[in-house]
$ cat run.tsv   # TSV, C-alpha atoms and all ligand atoms
chain	number	residue	atom	x	y	z
A	28	MET	CA	36.24	-35.67	15.88
A	29	LYS	CA	32.69	-35.26	14.58
A	30	LYS	CA	32.31	-32.13	16.67
A	31	PHE	CA	35.60	-30.78	15.38
A	32	LEU	CA	34.56	-31.40	11.76
A	33	LEU	CA	31.21	-29.75	12.38
A	34	ALA	CA	32.94	-26.75	13.88
A	35	LEU	CA	35.32	-26.61	10.93
A	36	THR	CA	32.47	-26.77	8.42
A	37	GLY	CA	30.62	-24.05	10.30
A	38	CYS	CA	33.68	-21.83	10.27
A	39	ALA	CA	34.28	-22.43	6.56
A	40	ALA	CA	30.69	-21.47	5.78
A	41	LEU	CA	30.96	-18.37	7.92
A	42	CYS	CA	34.35	-17.34	6.57
A	43	SER	CA	33.27	-17.73	2.95
A	44	ALA	CA	30.10	-15.75	3.69
A	45	VAL	CA	32.08	-12.69	4.77
A	46	PRO	CA	33.58	-11.75	1.39
A	47	ALA	CA	30.23	-12.43	-0.30
A	48	PHE	CA	28.85	-9.72	1.93
A	49	ALA	CA	31.45	-7.21	0.83
A	50	GLN	CA	31.23	-7.76	-2.94
A	51	PHE	CA	28.75	-8.59	-5.67
A	52	GLN	CA	28.51	-12.04	-7.24
A	53	LYS	CA	28.03	-10.66	-10.76
A	54	PRO	CA	28.58	-7.23	-12.36
A	55	GLU	CA	24.83	-7.04	-13.09
A	56	ASP	CA	24.16	-7.33	-9.36
A	57	ALA	CA	26.24	-4.20	-8.73
A	58	VAL	CA	24.34	-2.31	-11.44
A	59	LYS	CA	21.01	-3.46	-10.00
A	60	TYR	CA	22.10	-2.43	-6.52
A	61	ARG	CA	23.19	1.09	-7.43
A	62	LYS	CA	20.10	1.71	-9.59
A	63	ALA	CA	17.85	0.55	-6.74
A	64	ALA	CA	19.68	2.80	-4.27
A	65	PHE	CA	19.40	5.82	-6.60
A	66	SER	CA	15.73	5.03	-7.20
A	67	VAL	CA	14.89	5.09	-3.48
A	68	MET	CA	16.97	8.25	-3.05
A	69	ALA	CA	15.14	9.92	-5.93
A	70	THR	CA	11.77	9.05	-4.37
A	71	HIS	CA	12.65	10.89	-1.16
A	72	PHE	CA	14.55	13.70	-2.83
A	73	GLY	CA	11.64	14.15	-5.23
A	74	ARG	CA	9.22	14.63	-2.32
A	75	ILE	CA	11.37	17.52	-1.14
A	76	GLY	CA	11.65	18.86	-4.69
A	77	ALA	CA	7.88	18.87	-5.06
A	78	MET	CA	7.65	21.18	-2.02
A	79	ALA	CA	10.55	23.37	-3.19
A	80	GLN	CA	8.86	23.79	-6.56
A	81	GLY	CA	5.37	24.43	-5.15
A	82	ARG	CA	3.92	21.17	-6.49
A	83	ALA	CA	3.18	20.03	-2.93
A	84	PRO	CA	2.36	22.07	0.19
A	85	PHE	CA	5.39	22.94	2.34
A	86	ASP	CA	5.67	20.68	5.36
A	87	ALA	CA	8.76	21.27	7.49
A	88	ALA	CA	8.55	17.86	9.22
A	89	ALA	CA	8.25	16.05	5.89
A	90	VAL	CA	11.24	17.97	4.52
A	91	ALA	CA	13.33	17.05	7.56
A	92	ALA	CA	12.32	13.37	7.47
A	93	ASN	CA	12.92	12.99	3.73
A	94	ALA	CA	16.20	14.91	3.84
A	95	GLU	CA	17.44	12.70	6.67
A	96	LEU	CA	16.67	9.62	4.58
A	97	VAL	CA	18.36	11.07	1.50
A	98	ALA	CA	21.49	11.86	3.51
A	99	THR	CA	21.65	8.27	4.78
A	100	LEU	CA	20.79	6.73	1.40
A	101	SER	CA	23.43	8.86	-0.35
A	102	ARG	CA	26.07	6.59	1.17
A	103	LEU	CA	24.76	3.50	-0.64
A	104	PRO	CA	24.90	3.78	-4.45
A	105	PHE	CA	28.65	4.23	-4.79
A	106	HIS	CA	29.31	0.72	-3.45
A	107	GLY	CA	27.80	-0.44	-6.74
A	108	PHE	CA	30.21	1.36	-9.06
A	109	VAL	CA	32.55	-1.61	-9.39
A	110	ASP	CA	34.96	-2.14	-12.29
A	111	GLY	CA	33.52	-3.52	-15.51
A	112	THR	CA	30.04	-2.06	-15.06
A	113	ALA	CA	30.04	0.83	-17.55
A	114	GLY	CA	27.26	0.81	-20.12
A	115	THR	CA	26.22	2.46	-23.37
A	116	GLU	CA	22.42	2.44	-23.19
A	117	LYS	CA	20.35	5.39	-21.96
A	118	GLY	CA	20.63	5.86	-18.21
A	119	SER	CA	23.73	3.70	-17.84
A	120	ALA	CA	27.07	4.70	-16.31
A	121	LYS	CA	29.64	6.21	-18.67
A	122	ALA	CA	33.09	4.61	-18.92
A	123	SER	CA	34.61	7.97	-17.93
A	124	ILE	CA	33.65	7.21	-14.32
A	125	TRP	CA	36.46	4.66	-14.27
A	126	THR	CA	38.97	6.66	-16.33
A	127	GLU	CA	38.58	9.72	-14.10
A	128	ARG	CA	37.66	7.97	-10.89
A	129	ALA	CA	39.05	10.64	-8.55
A	130	LYS	CA	36.85	13.28	-10.18
A	131	PHE	CA	33.81	11.02	-9.97
A	132	ASP	CA	34.50	10.23	-6.31
A	133	ALA	CA	34.87	13.95	-5.57
A	134	ALA	CA	31.52	14.64	-7.27
A	135	ALA	CA	29.92	11.84	-5.25
A	136	LYS	CA	31.32	13.30	-2.04
A	137	LYS	CA	30.06	16.76	-2.99
A	138	MET	CA	26.56	15.33	-3.41
A	139	GLN	CA	26.78	13.57	-0.04
A	140	ASP	CA	27.98	16.80	1.60
A	141	GLU	CA	25.20	18.88	0.04
A	142	VAL	CA	22.41	16.48	0.98
A	143	SER	CA	23.82	16.34	4.52
A	144	LYS	CA	23.66	20.15	4.62
A	145	LEU	CA	20.07	19.97	3.39
A	146	ALA	CA	19.26	17.54	6.22
A	147	ALA	CA	20.97	19.81	8.75
A	148	ALA	CA	19.23	22.97	7.43
A	149	LYS	CA	15.75	21.96	8.69
A	150	PRO	CA	14.08	24.80	6.76
A	151	THR	CA	10.96	26.31	8.30
A	152	THR	CA	9.80	28.26	5.24
A	153	VAL	CA	9.58	27.39	1.56
A	154	GLU	CA	12.10	30.20	0.85
A	155	GLN	CA	14.62	28.59	3.18
A	156	LEU	CA	13.90	25.23	1.58
A	157	LYS	CA	14.54	26.58	-1.91
A	158	ALA	CA	17.89	28.00	-0.81
A	159	ALA	CA	18.94	24.68	0.72
A	160	PHE	CA	17.50	22.45	-2.00
A	161	GLY	CA	19.07	24.16	-5.03
A	162	PRO	CA	22.74	23.32	-4.35
A	163	ALA	CA	21.88	19.69	-3.51
A	164	ALA	CA	19.83	19.26	-6.70
A	165	GLN	CA	22.70	20.80	-8.66
A	166	THR	CA	25.06	18.05	-7.47
A	167	CYS	CA	22.63	15.38	-8.74
A	168	LYS	CA	22.42	17.11	-12.10
A	169	ALA	CA	26.20	17.59	-12.40
A	170	CYS	CA	26.82	13.84	-12.18
A	171	HIS	CA	23.97	13.03	-14.54
A	172	ASP	CA	25.34	15.50	-17.10
A	173	ASN	CA	28.90	14.19	-16.82
A	174	TYR	CA	28.57	10.51	-16.05
A	175	ARG	CA	25.20	9.18	-17.22
A	176	ASN	CA	24.55	8.17	-20.81
A	177	ASP	CA	21.70	10.09	-22.50
A	201	LIG	C1	15.39	14.65	-8.33
A	201	LIG	C2	15.88	13.51	-8.99
A	201	LIG	C3	17.09	13.82	-9.48
A	201	LIG	C4	17.44	15.20	-9.12
A	201	LIG	C5	17.81	16.04	-10.29
A	201	LIG	C6	18.14	17.44	-9.84
A	201	LIG	O1	14.33	14.74	-7.73
A	201	LIG	O2	15.30	12.35	-9.13
A	201	LIG	O3	17.87	13.02	-10.16
A	201	LIG	O4	16.29	15.70	-8.44
A	201	LIG	O5	16.76	16.09	-11.19
A	201	LIG	O6	18.56	18.20	-10.91

$ encode --input "run.tsv" --output "structure tokens"
Amino acid sequence: MKKFLLALTGCAALCSAVPAFAQFQKPEDAVKYRKAAFSVMATHFGRIGAMAQGRAPFDAAAVAANAELVATLSRLPFHGFVDGTAGTEKGSAKASIWTERAKFDAAAKKMQDEVSKLAAAKPTTVEQLKAAFGPAAQTCKACHDNYRND
């Protein structure tokens, strides 16, 4: 009986842990999560941008490594755009994300597609990098212009 109860308790703990994994405890946690994910993305995207804009020497291996990370990281932030997490302060998410969710999701997918293309491009010259970087950077800017409070 004791064993059975122990097993039952263990299962209950495990089963209740599963949904906690898939969702955030509080809306603020979702905001924190997506901001952190964007921040790490921006660090790696910014390293590529510095090379594209001549602020850092071109390094093909560094471009490839950072672009690979950005492509992977680009899948994270959108898990944090849960209902009830719009804001009004500078840098926060506009309510229009939730009123035109399909458009927002399409813009997110476009960004993910463009950064994946950038990772696949593996540019070997700064000219090639510029050509691959521009469209990806444009997708970042488009969402900031449309969905981020100034
Ligand atoms: C970056 C960064 C962004 C984008 C954006 C491109 O390096 O942090 O948010 O590029 O500025 O327009």

$ residues_near_ligand --input "run.tsv" --ligand "ligand LIG 201 (chain A)" --cutoff "6 Å" --atoms "only C-alpha atoms and all ligand atoms" --output "PDB file with C-alpha atoms, keeping the file's coordinate frame"
ATOM      1  CA  ALA A  69      15.140   9.920  -5.930  1.00  0.00           C
ATOM      2  CA  PHE A  72      14.550  13.700  -2.830  1.00  0.00           C
ATOM      3  CA  GLY A  73      11.640  14.150  -5.230  1.00  0.00           C
ATOM      4  CA  GLY A  76      11.650  18.860  -4.690  1.00  0.00           C
ATOM      5  CA  ALA A 164      19.830  19.260  -6.700  1.00  0.00           C
ATOM      6  CA  GLN A 165      22.700  20.800  -8.660  1.00  0.00           C
ATOM      7  CA  CYS A 167      22.630  15.380  -8.740  1.00  0.00           C
ATOM      8  CA  LYS A 168      22.420  17.110 -12.100  1.00  0.00           C
TER       9      LYS A 168
END

$ atom_distance --input "run.tsv" --atom1 "CA of Val67 in chain A" --atom2 "CA of Leu103 in chain A"
10.4 Å

$ atom_distance --input "run.tsv" --atom1 "CA of Phe160 in chain A" --atom2 "CA of Leu100 in chain A"
16.4 Å

$ closest_residue --input "run.tsv" --among "A:Val97, A:Ala88, A:Ala133, A:Val58" --to "Thr70 in chain A" --atoms "only C-alpha atoms"
A:Val97

$ residues_around --input "run.tsv" --residues "Ala120 in chain A" --least-positions-apart "2" --cutoff "10 Å" --atoms "only C-alpha atoms" --output "PyMOL selection string"
chain A and resi 58+108+112-118+122-125+171+173-177

$ atom_distance --input "run.tsv" --atom1 "CA of Ala87 in chain A" --atom2 "CA of Thr166 in chain A"
22.4 Å

$ closest_residue --input "run.tsv" --among "A:Val153, A:Val142, A:Ala159, A:Ala129" --to "Gly81 in chain A" --atoms "only C-alpha atoms"
A:Val153
